[in-house]
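**Student:** Dropping a structure here in structure tokens format, bear with me for questions.
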Protein chains: 2
Amino acid sequence: MQMAAESPVTHADRTFFQLRNDIVEGVISAGSKLSETELSTKYDVSRAVVREAINRLTASHLVERKANVGARVVTLSATGLVQLYQVREALEGMAARLAAENMTQSEIDALQGLLSDHFDEVKSGESYYQEAGDVDFHYRIVLGSKNNHLISVLIDGLYHLVRMYRVQLGMAGPRVTTAFDEHRHVVQAIANRDGELAEILMRRHILYSKNNIERKLIQTSKR
Amino acid sequence: MQMAAESPVTHADRTFFQLRNDIVEGVISAGSKLSETELSTKYDVSRAVVREAINRLTASHLVERKANVGARVVTLSATGLVQLYQVREALEGMAARLAAENMTQSEIDALQGLLSDHFDEVKSGESYYQEAGDVDFHYRIVLGSKNNHLISVLIDGLYHLVRMYRVQLGMAGPRVTTAFDEHRHVVQAIANRDGELAEILMRRHILYSKNNIERKLIQTSKR
DNA sequence: CAGATCAAAATTGTCGACAATATCCATCAA
DNA sequence: TTGATGGATATTGTCGACAATTTTGATCTG
């Protein structure tokens with residue numbers, strides 16, 4: 001999937017992408033303060049562009065800002081994770097419903113092709129699956145909804161937070177084969193143009209997914 | 001309802017609120033270009049604060065920005081309206097479900113009180129209802145979800161766009177009494193702590209609501 | 001020692017100037 | 001007339017300096 005390469009055109013763009021990546025990957029740790037001057041020397045740009053980058057991150061819910069005080073990276077928590085997945089369930093459920101109505105036949109074919117590629121990987125045991133494959137699957141369906149609001153809220157916003165949770169909790173986990181089956185059923189419903197079923201299956205898939213990552217979170221906090 | 005008075009603390013805040021209001025109310029017309037210098041003289045602040053205000057509006061989907069070109073107020077369209085309501089259906093449906101689980105008993109009591117006040121108004125024929133009452137109803141349920149993502153996406157984001165459509169299409173319309181009944185049923189489900197039903201009813205309410213406003217849009221475009 | 005007070009230091013907010021880019025418009029060639 | 005070219009104009013992007021606010025921490029007081 002030619003992942004709509006986000007190419008920075010302005011300094012603020014570039015700084016925004018770098019900063020976002022550093023936050024998601026944990027290079028800048030969750031809950032830490034973002035000093036404008038410090039970051040401006042680190043990324044070698046003026047404070048103004050750092051400010052703009054931070055403002056954009058605030059819009060993605062990766063950073064919280066208080067007037068006259070400054071910005072902090074969000075802190076990860078169990079309740080935060082649950083709330084995030086509740087929103088995902090609602091939005092991606094709707095996305096699956098709309099995808100069933102709006103995806104072109106060739107897009108559906110491509111989606112099925114993607115799935116059988118994954119199947120081969122899983123069978124031959126390579127399968128790190130989760131990260132690359134799962135993301136790709138969800139992206140295609142969200143884009144297939146053809147709903148701009150849905151697309152931007154999820155892809156520009158929530159997904160980065162989801163990834164932040166995954167990365168920082170060290171998700172490589174199992175859940176490969178069962179998730180694969182769930183994906184297969186969703187695609188089947190979309191291919192049948194059954195939006196109602198696609199929504200139900202997608203919501204359930206995300207619910208399971210939440211339970212899985214939540215279990216990890218609890219394990220981690222016990223250690 | 002003590003509507004969490006958004007009080008501007010910084011110039012950028014104030015400019016953001018003013019600009020947002022001017023856009024929603026149609027003082028600055030849909031689709032028009034936002035010149036930074038022009039606005040900075042109009043609101044009597046520097047270009048930097050105008051830029052920040054515009055960036056925030058971009059995050060709320062009220063304006064669109066292109067690098068090195070500038071920002072424009074979004075244009076309203078039938079498909080845009082449909083897409084907006086699809087997202088509302090998903091998010092507010094989930095909000096109603098969560099509200100049924102998470103609202104305190106006193107919050108539910110207050111919500112029922114609000115409804116019977118509205119009932120008196122409707123019966124005595126005052127009833128402009130739609131704007132004030134409807135907004136209040138939806139706000140309470142979204143807040144009752146206790147889900148921060150849901151709250152911010154809807155209240156800081158989509159609702160302003162919804163209002164923009166309503167204002168600019170001159171919605172004062174009928175649909176008062178039937179909407180009232182729909183509200184009543186949703187509240188009943190929440191009072192019964194039946195999240196599943198609350199979600200279904202809320203989704204249907206929003207669907208009807210969309211059909212109603214869509215009809216107006218078609219009428220308007222015919223004129 | 002706990003808490004209040006206040007000046008110093010650090011950080012964010014705002015501004016005007018300059019640089020980089022896009023847009024406009026007159027000129028020219030086919 | 002149409003379309004291309006290139007320079008003038010206007011607009012956005014970036015910067016460093018100053019203003020306003022918060023935070024720090026040293027001193028004083030009970």
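All residue names refer to the structure tokens as shown: chains lettered A, B, ... in order, residues numbered from 1 in each chain, ligands numbered from 1 in order.
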As a count of residues only, please: every residue in segment 2-222 of chain A that a backbone DSSP assignment puts in helix (DSSP H, G or I).
**Tutor:** 159
**Student:** Report the closest atom pair, with its distance in Å rounded to one decimal, for each residue of chain B that has an atom no farther than 9 Å from chain D; count only C-alpha atoms (C1' of nucleotides), sort by chain and then rising residue number, and write it as a Markdown table.
**Tutor:**
```
| residue | atom | partner | partner_atom | distance |
| --- | --- | --- | --- | --- |
| B:Ser35 | CA | D:DT11 | C1' | 8.1 |
| B:Glu36 | CA | D:DT11 | C1' | 8.4 |
| B:Thr37 | CA | D:DT11 | C1' | 8.6 |
| B:Ala67 | CA | D:DT12 | C1' | 7.9 |
| B:Asn68 | CA | D:DT12 | C1' | 5.2 |
| B:Val69 | CA | D:DT12 | C1' | 6.6 |
| B:Gly70 | CA | D:DT12 | C1' | 6.8 |
```
**Student:** Identify, on the basis of only C-alpha atoms (C1' of nucleotides), every residue whose closest approach to Ile155 of chain A does not exceed 12 Å; exclude the query and any residue fewer than 2 positions from it along the same chain; express the result as an MDAnalysis selection string.
**Tutor:** chainID A and resid 3:4 6 60 88 91:92 95 135:136 138:143 147:153 157:163
**Student:** Hey, can you spit out that residue selection with N, CA and C atoms as a short mmCIF file (atom, residue, chain, number, x, y, z; two decimals), in the first residue's frame?
**Tutor:**
```cif
data_model
loop_
_atom_site.label_atom_id
_atom_site.label_comp_id
_atom_site.auth_asym_id
_atom_site.auth_seq_id
_atom_site.Cartn_x
_atom_site.Cartn_y
_atom_site.Cartn_z
N MET A 3 1.61 4.12 1.13
CA MET A 3 1.13 4.88 2.28
C MET A 3 1.33 6.37 2.17
N ALA A 4 0.38 7.02 1.54
CA ALA A 4 0.34 8.47 1.33
C ALA A 4 1.46 9.23 2.03
N GLU A 6 3.66 11.28 3.92
CA GLU A 6 3.52 12.63 4.41
C GLU A 6 4.83 13.36 4.18
N SER A 60 -3.85 16.64 18.02
CA SER A 60 -3.89 15.17 17.90
C SER A 60 -3.98 14.47 19.24
N ARG A 88 -12.44 4.41 19.10
CA ARG A 88 -12.10 3.62 17.93
C ARG A 88 -13.26 2.71 17.54
N LEU A 91 -15.93 4.79 15.82
CA LEU A 91 -15.56 5.36 14.52
C LEU A 91 -15.22 4.30 13.48
N GLU A 92 -14.47 3.30 13.89
CA GLU A 92 -14.08 2.29 12.91
C GLU A 92 -15.24 1.37 12.58
N ALA A 95 -16.82 3.28 10.04
CA ALA A 95 -15.98 3.24 8.83
C ALA A 95 -16.22 1.95 8.06
N VAL A 135 -2.12 -2.42 10.79
CA VAL A 135 -2.25 -1.00 10.46
C VAL A 135 -2.77 -0.84 9.04
N ASP A 136 -2.16 -1.59 8.13
CA ASP A 136 -2.54 -1.50 6.73
C ASP A 136 -4.02 -1.83 6.54
N HIS A 138 -6.50 -1.69 8.72
CA HIS A 138 -7.40 -0.66 9.26
C HIS A 138 -7.38 0.62 8.41
N TYR A 139 -6.20 1.00 7.94
CA TYR A 139 -6.09 2.17 7.07
C TYR A 139 -6.99 2.05 5.86
N ARG A 140 -6.90 0.92 5.21
CA ARG A 140 -7.66 0.75 3.96
C ARG A 140 -9.15 0.89 4.19
N ILE A 141 -9.61 0.33 5.28
CA ILE A 141 -11.05 0.39 5.53
C ILE A 141 -11.47 1.81 5.87
N VAL A 142 -10.68 2.47 6.68
CA VAL A 142 -11.00 3.86 7.02
C VAL A 142 -11.02 4.71 5.75
N LEU A 143 -10.01 4.56 4.93
CA LEU A 143 -9.98 5.31 3.67
C LEU A 143 -11.15 4.93 2.78
N ASN A 147 -15.18 9.00 3.96
CA ASN A 147 -15.69 10.07 4.83
C ASN A 147 -14.51 10.85 5.41
N ASN A 148 -14.38 12.10 4.97
CA ASN A 148 -13.20 12.88 5.33
C ASN A 148 -13.02 13.11 6.82
N HIS A 149 -14.13 13.33 7.51
CA HIS A 149 -14.01 13.53 8.95
C HIS A 149 -13.46 12.28 9.63
N LEU A 150 -14.07 11.17 9.30
CA LEU A 150 -13.63 9.88 9.83
C LEU A 150 -12.15 9.68 9.56
N ILE A 151 -11.76 9.91 8.33
CA ILE A 151 -10.38 9.70 7.91
C ILE A 151 -9.43 10.57 8.73
N SER A 152 -9.75 11.85 8.85
CA SER A 152 -8.78 12.73 9.51
C SER A 152 -8.75 12.50 11.01
N VAL A 153 -9.89 12.28 11.63
CA VAL A 153 -9.88 12.05 13.07
C VAL A 153 -9.08 10.79 13.40
N GLY A 157 -5.19 11.64 13.80
CA GLY A 157 -5.29 11.79 15.24
C GLY A 157 -5.09 10.51 16.03
N LEU A 158 -6.16 9.78 16.22
CA LEU A 158 -6.15 8.67 17.17
C LEU A 158 -5.10 7.61 16.90
N TYR A 159 -4.85 7.31 15.63
CA TYR A 159 -3.94 6.21 15.33
C TYR A 159 -2.55 6.43 15.90
N HIS A 160 -2.11 7.66 15.96
CA HIS A 160 -0.79 7.93 16.52
C HIS A 160 -0.78 7.63 18.02
N LEU A 161 -1.88 7.94 18.66
CA LEU A 161 -1.98 7.61 20.08
C LEU A 161 -2.01 6.09 20.27
N VAL A 162 -2.77 5.41 19.43
CA VAL A 162 -2.82 3.95 19.49
C VAL A 162 -1.42 3.37 19.36
N ARG A 163 -0.71 3.88 18.37
CA ARG A 163 0.65 3.41 18.14
C ARG A 163 1.54 3.70 19.35
#
```
**Student:** Using only C-alpha atoms (C1' of nucleotides), determine which residues of chain C fall within 7 Å of chain B; present them as a PyMOL selection string.
**Tutor:** chain C and resi 15+21-22
**Student:** To one decimal in Å, tell me the separation between atom CA of Ser116 of chain B and atom CA of Arg184 of chain B.
**Tutor:**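 Atom CA of Ser116 of chain B sits 9.2 Å away from atom CA of Arg184 of chain B.
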**Student:** For chain B, which residue among A:Leu98, A:Ile54, A:Val27, A:Ala59 is the nearest when counting only C-alpha atoms?
**Tutor:**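 Ranked by minimum distance to chain B, first place goes to A:Ala59.
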**Student:** Quick one: of A:Val186, A:Leu207, A:Val82, A:Ala30, who's nearest to chain B, counting only C-alpha atoms?
**Tutor:** A:Val82
